[in-house]
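Accompanying notes for the structure given below.
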Amino acid sequence: MKTILTAGKKTEEVAERPPAIPWAEFLEEYPPGSFVDVSGADTISSDDISNLFAPALQLHCPQPTCNGRMFFETNDGGDWLSFSEWRNVYLTYWCRNCRKTSKIFSLCIKLKKSGLCEAYKFGELPSFGPPVPSRVLRLIQPDRELFLRGRRCENQGLGIGAFTYYRRVVEDQWTRLIDEIIKVAKVLGTSEETLEVLESAKNQQQFSKSIKEIKDAIPPVLLIKGHNPLLLLHGALSQGVHDLPDEECLSLATSIRAILVDLAEKLGEALRNEKELTSAVSRLLKVQEEKAKKDETDKGEEVNS
Ligand SMILES: [Zn+2]
């Protein structure tokens with residue numbers, strides 16, 4: 001922080017500006033809502049005028065044909081840039097691969113010197129940040145909105161907000177998480193004894209009591225790096241948010257979100273793998289059965305002839 005002194009009095013405190021960041025990185029990685037010095041946003045035209053440069057970006061495309069980080073391009077840009085006035089700009093980008101997904105940036109930008117601008121992002125559509133997998137939203141469905149609010153806080157670096165939203169989601173939905181774990185355990189043919197432990201944990205009144213019961217009953221396919229995901233979540237939630245700085249709350253919030261996403265993916269994968277295996281086995285059994293029937297008929301025909 002830098003303190004501004006006017007006539008010997010401390011009047012305001014402003015955060016010191018970090019060094020200029022590359023323009024493409026600002027568009028791809030920076031959340032809306034702050035003034036940032038950017039490099040490489042301007043390009044000099046042949047008549048010596050500075051114009052806005054719109055570089056190709058790498059952004060997430062959710063289309064089934066893309067489903068990952070893809071190159072996005074735009075026909076916008078080229079706006080004349082000024083030292084004295086802010087230019088308000090919309091840039092509409094399209095996925096180069098599928099041409100179906102777009103990303104709109106709403107910005108203002110002003111020239112500071114050649115190669116250096118100051119920029120402000122009003123917003124993005126779809127909103128800033130990596131996408132939330134639909135599987136995790138289905139997993140915590142009744143609290144979907146709270147989770148997305150947590151995601152919004154996390155994207156804007158609001159640690160206490162993000163942590164508080166995610167904590168509410170886990171505290172409200174832990175029985176639903178255990179329910180999904182029980183589904184997977186049943187499909188995987190887990191012993192009756194373990195299923196009883198899981199059911200009893202689900203019926204506890206408190207998450208902390210439930211955690212004690214469940215600790216060794218999670219199917220191994222659902223462990224995250226060898227750890228019980230519910231224990232990890234509980235561990236993160238039991239940190240006292242009152243004493244922690246915002247940055248630490250943010251890092252805890254990010255961990256809670258990452259564990260929820262991973263758990264949702266592992267649950268889905270376990271069910272899908274099991275379904276695939278079951279249908280593969282039944283297909284093979286059918287082939288064997290048909291072959292046995294054919295052999296039997298061939299044998300009968302040989303005897304009759
Ligand atoms: Zn695409």
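Chain labels follow the order of the structure tokens: the first chain is A, the next B, and so on; residue numbering restarts at 1 in every chain, and ligands are counted from 1 in their shown order.
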For ligand 1, collect every residue having any atom at a distance of at most 6 Å from a ligand atom (counting only C-alpha atoms and all ligand atoms); output as JSON, numbers by chain.
{"A": [61, 63, 66, 95, 97, 98, 101]}
Output file for the residues above (C-alpha atoms, as a PDB file, in the first residue's frame):
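Ended up saving to out_22.pdb:
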ATOM      1  CA  CYS A  61     -14.773 -23.790 -25.091  1.00  0.00           C
ATOM      2  CA  GLN A  63     -18.658 -27.510 -26.998  1.00  0.00           C
ATOM      3  CA  CYS A  66     -13.707 -28.673 -28.310  1.00  0.00           C
ATOM      4  CA  CYS A  95     -13.847 -20.122 -30.925  1.00  0.00           C
ATOM      5  CA  ASN A  97     -12.399 -24.457 -33.909  1.00  0.00           C
ATOM      6  CA  CYS A  98     -16.203 -24.722 -33.654  1.00  0.00           C
ATOM      7  CA  THR A 101     -18.822 -20.352 -28.633  1.00  0.00           C
TER       8      THR A 101
END
Which residues come within 12 Å of A:Lys183, counting only C-alpha atoms, excluding same-chain residues fewer than 5 positions away, as a list in words?
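Listing them by chain and then by number gives Arg176, Leu177, Ile178, Leu188, Gly189, Thr190, Leu195, Leu198, Glu199, Ile218, Pro219, Leu222, Leu267, Gly268, Ala270, Leu271 and Glu274 of chain A.
Residues in contact with A:Ala41 at 6 Å, where only C-alpha atoms are counted and same-chain residues fewer than 3 positions away are skipped, are listed as Trp23, Leu52 and Phe53 of chain A.
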Counting only C-alpha atoms, which residue out of A:Val170, A:Leu107, A:Leu81, A:Leu230 sits closest to A:Asp48?
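Checking each candidate against A:Asp48, we get A:Leu81 as the closest.
Summary of the local environment: counting only C-alpha atoms, residues at most 8 Å from A:Phe83, other than itself and those fewer than 6 positions away along its chain, are Lys110, Leu111, Lys112 and Lys113 of chain A.
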Contact table stretch 42-71 of chain A vs stretch 132-137 of chain A, cut-off 12 Å, shortest pair per residue, only C-alpha atoms, as CSV:
residue,atom,partner,partner_atom,distance
A:His60,CA,A:Val132,CA,11.3
A:Pro62,CA,A:Pro133,CA,9.6
A:Asn67,CA,A:Pro133,CA,11.1
A:Gly68,CA,A:Pro133,CA,11.9
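Counting from atom CA of A:Ser45, the distance to atom CA of A:Ser82 is 13.5 Å.
The coordinates place atom CA of A:Ser255 at 26.8 Å from atom CA of A:Lys121.
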Using only C-alpha atoms, determine which residues lie at most 6 Å from A:Ile104, disregarding the query and same-chain residues fewer than 2 positions distant; provide the list as an MDAnalysis selection string.
chainID A and resid 91:92 124:125
Nearest residue to A:Arg168 from the set A:Asp79, A:Lys286, A:Val187, A:Phe147 (distances using only C-alpha atoms):
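Checking each candidate against A:Arg168, we get A:Phe147 as the closest.
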Would you mind writing down, as a ChimeraX atom specification, each residue of stretch 65-271 of chain A that DSSP on the backbone assigns to strand (DSSP E or B)?
/A:68-74,80,87-95,102-113,116-125,224,227
Extract the full set of helix (DSSP H, G or I) residues from stretch 162-247 of chain A according to DSSP on the backbone, and format it as number ranges by chain.
A: 162-187, 192-202, 207-214, 220-222, 229-237, 246-247
May I have the residues from that selection written out with C-alpha atoms, as a PDB file, in the first residue's frame?
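Saved to part_5.pdb:
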ATOM      1  CA  ALA A 162     -16.034 -17.502  -1.207  1.00  0.00           C
ATOM      2  CA  PHE A 163     -15.167 -19.548   1.895  1.00  0.00           C
ATOM      3  CA  THR A 164     -18.451 -18.659   3.597  1.00  0.00           C
ATOM      4  CA  TYR A 165     -20.571 -19.608   0.573  1.00  0.00           C
ATOM      5  CA  TYR A 166     -18.751 -22.908   0.044  1.00  0.00           C
ATOM      6  CA  ARG A 167     -18.938 -23.738   3.762  1.00  0.00           C
ATOM      7  CA  ARG A 168     -22.692 -23.250   3.650  1.00  0.00           C
ATOM      8  CA  VAL A 169     -22.955 -25.555   0.614  1.00  0.00           C
ATOM      9  CA  VAL A 170     -20.970 -28.360   2.292  1.00  0.00           C
ATOM     10  CA  GLU A 171     -22.769 -27.968   5.635  1.00  0.00           C
ATOM     11  CA  ASP A 172     -26.148 -28.163   3.868  1.00  0.00           C
ATOM     12  CA  GLN A 173     -25.293 -30.911   1.412  1.00  0.00           C
ATOM     13  CA  TRP A 174     -22.993 -33.376   3.196  1.00  0.00           C
ATOM     14  CA  THR A 175     -25.771 -35.987   3.553  1.00  0.00           C
ATOM     15  CA  ARG A 176     -26.370 -35.719  -0.204  1.00  0.00           C
ATOM     16  CA  LEU A 177     -22.635 -36.316  -0.784  1.00  0.00           C
ATOM     17  CA  ILE A 178     -22.780 -39.448   1.411  1.00  0.00           C
ATOM     18  CA  ASP A 179     -25.893 -40.571  -0.488  1.00  0.00           C
ATOM     19  CA  GLU A 180     -23.980 -40.402  -3.760  1.00  0.00           C
ATOM     20  CA  ILE A 181     -21.045 -42.249  -2.154  1.00  0.00           C
ATOM     21  CA  ILE A 182     -23.477 -44.991  -1.028  1.00  0.00           C
ATOM     22  CA  LYS A 183     -24.790 -45.292  -4.614  1.00  0.00           C
ATOM     23  CA  VAL A 184     -21.256 -45.855  -5.891  1.00  0.00           C
ATOM     24  CA  ALA A 185     -20.447 -48.256  -3.020  1.00  0.00           C
ATOM     25  CA  LYS A 186     -23.522 -50.360  -3.886  1.00  0.00           C
ATOM     26  CA  VAL A 187     -22.673 -50.477  -7.580  1.00  0.00           C
ATOM     27  CA  GLU A 192     -23.051 -55.019   3.754  1.00  0.00           C
ATOM     28  CA  GLU A 193     -21.049 -54.073   6.811  1.00  0.00           C
ATOM     29  CA  THR A 194     -19.450 -51.054   5.092  1.00  0.00           C
ATOM     30  CA  LEU A 195     -22.795 -50.004   3.604  1.00  0.00           C
ATOM     31  CA  GLU A 196     -24.255 -50.015   7.118  1.00  0.00           C
ATOM     32  CA  VAL A 197     -21.438 -47.741   8.326  1.00  0.00           C
ATOM     33  CA  LEU A 198     -22.153 -45.341   5.449  1.00  0.00           C
ATOM     34  CA  GLU A 199     -25.920 -45.349   6.134  1.00  0.00           C
ATOM     35  CA  SER A 200     -25.369 -44.731   9.825  1.00  0.00           C
ATOM     36  CA  ALA A 201     -22.951 -41.858   9.054  1.00  0.00           C
ATOM     37  CA  LYS A 202     -25.564 -40.321   6.766  1.00  0.00           C
ATOM     38  CA  PHE A 207     -21.151 -33.523   9.846  1.00  0.00           C
ATOM     39  CA  SER A 208     -18.333 -33.818  12.444  1.00  0.00           C
ATOM     40  CA  LYS A 209     -19.908 -36.924  14.032  1.00  0.00           C
ATOM     41  CA  SER A 210     -20.616 -38.442  10.658  1.00  0.00           C
ATOM     42  CA  ILE A 211     -16.997 -37.921   9.611  1.00  0.00           C
ATOM     43  CA  LYS A 212     -15.714 -39.993  12.543  1.00  0.00           C
ATOM     44  CA  GLU A 213     -17.833 -42.959  11.491  1.00  0.00           C
ATOM     45  CA  ILE A 214     -17.169 -42.766   7.799  1.00  0.00           C
ATOM     46  CA  PRO A 220     -10.994 -46.468  -2.654  1.00  0.00           C
ATOM     47  CA  VAL A 221     -11.888 -45.180  -6.156  1.00  0.00           C
ATOM     48  CA  LEU A 222     -13.285 -42.033  -4.533  1.00  0.00           C
ATOM     49  CA  PRO A 229     -12.616 -36.337   0.417  1.00  0.00           C
ATOM     50  CA  LEU A 230     -15.123 -35.761   3.249  1.00  0.00           C
ATOM     51  CA  LEU A 231     -12.305 -35.605   5.799  1.00  0.00           C
ATOM     52  CA  LEU A 232     -10.493 -33.098   3.584  1.00  0.00           C
ATOM     53  CA  LEU A 233     -13.638 -30.966   3.303  1.00  0.00           C
ATOM     54  CA  HIS A 234     -14.266 -31.152   7.025  1.00  0.00           C
ATOM     55  CA  GLY A 235     -10.642 -30.216   7.745  1.00  0.00           C
ATOM     56  CA  ALA A 236     -10.901 -27.126   5.537  1.00  0.00           C
ATOM     57  CA  LEU A 237     -14.246 -26.083   7.065  1.00  0.00           C
ATOM     58  CA  ASP A 246      -8.608 -12.899   3.287  1.00  0.00           C
ATOM     59  CA  GLU A 247      -5.827 -14.496   1.192  1.00  0.00           C
TER      60      GLU A 247
END
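Counting only C-alpha atoms and comparing A:Ser114, A:Ser279, A:Gln205, A:Asn155, the residue that lies closest to A:Thr43 is A:Ser114.
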Determine, counting only C-alpha atoms, which protein, DNA and RNA residues have an atom within 12 Å of an atom of A:Arg152; residues of the same chain fewer than 6 positions away are not included. Present the result as number ranges by chain.
A: 31-32, 127-132, 145-146, 158-159, 161-163, 165-166, 250, 253-254, 257
Let me make sure I understand: among A:Ala20, A:Ala56, A:Leu139, A:Val89, which one has the smallest atom-to-atom distance to A:Gly123 if we use only C-alpha atoms?
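For A:Gly123, the nearest of the given residues is A:Val89.
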Which residues, written as an mmCIF file with N, CA and C atoms, in the first residue's frame, have at least one atom at most 9 Å from A:Pro19, with only C-alpha atoms counted and residues fewer than 6 positions away on the same chain left out?
data_model
loop_
_atom_site.group_PDB
_atom_site.id
_atom_site.type_symbol
_atom_site.label_atom_id
_atom_site.label_comp_id
_atom_site.auth_asym_id
_atom_site.auth_seq_id
_atom_site.Cartn_x
_atom_site.Cartn_y
_atom_site.Cartn_z
ATOM 1 N N VAL A 36 -5.747 -1.683 -14.602
ATOM 2 C CA VAL A 36 -4.495 -2.420 -14.754
ATOM 3 C C VAL A 36 -3.689 -1.803 -15.896
ATOM 4 N N ASP A 37 -2.365 -1.684 -15.695
ATOM 5 C CA ASP A 37 -1.493 -1.274 -16.798
ATOM 6 C C ASP A 37 -1.221 -2.495 -17.667
ATOM 7 N N VAL A 38 -1.425 -2.320 -18.969
ATOM 8 C CA VAL A 38 -1.242 -3.455 -19.878
ATOM 9 C C VAL A 38 -0.251 -3.089 -20.982
#
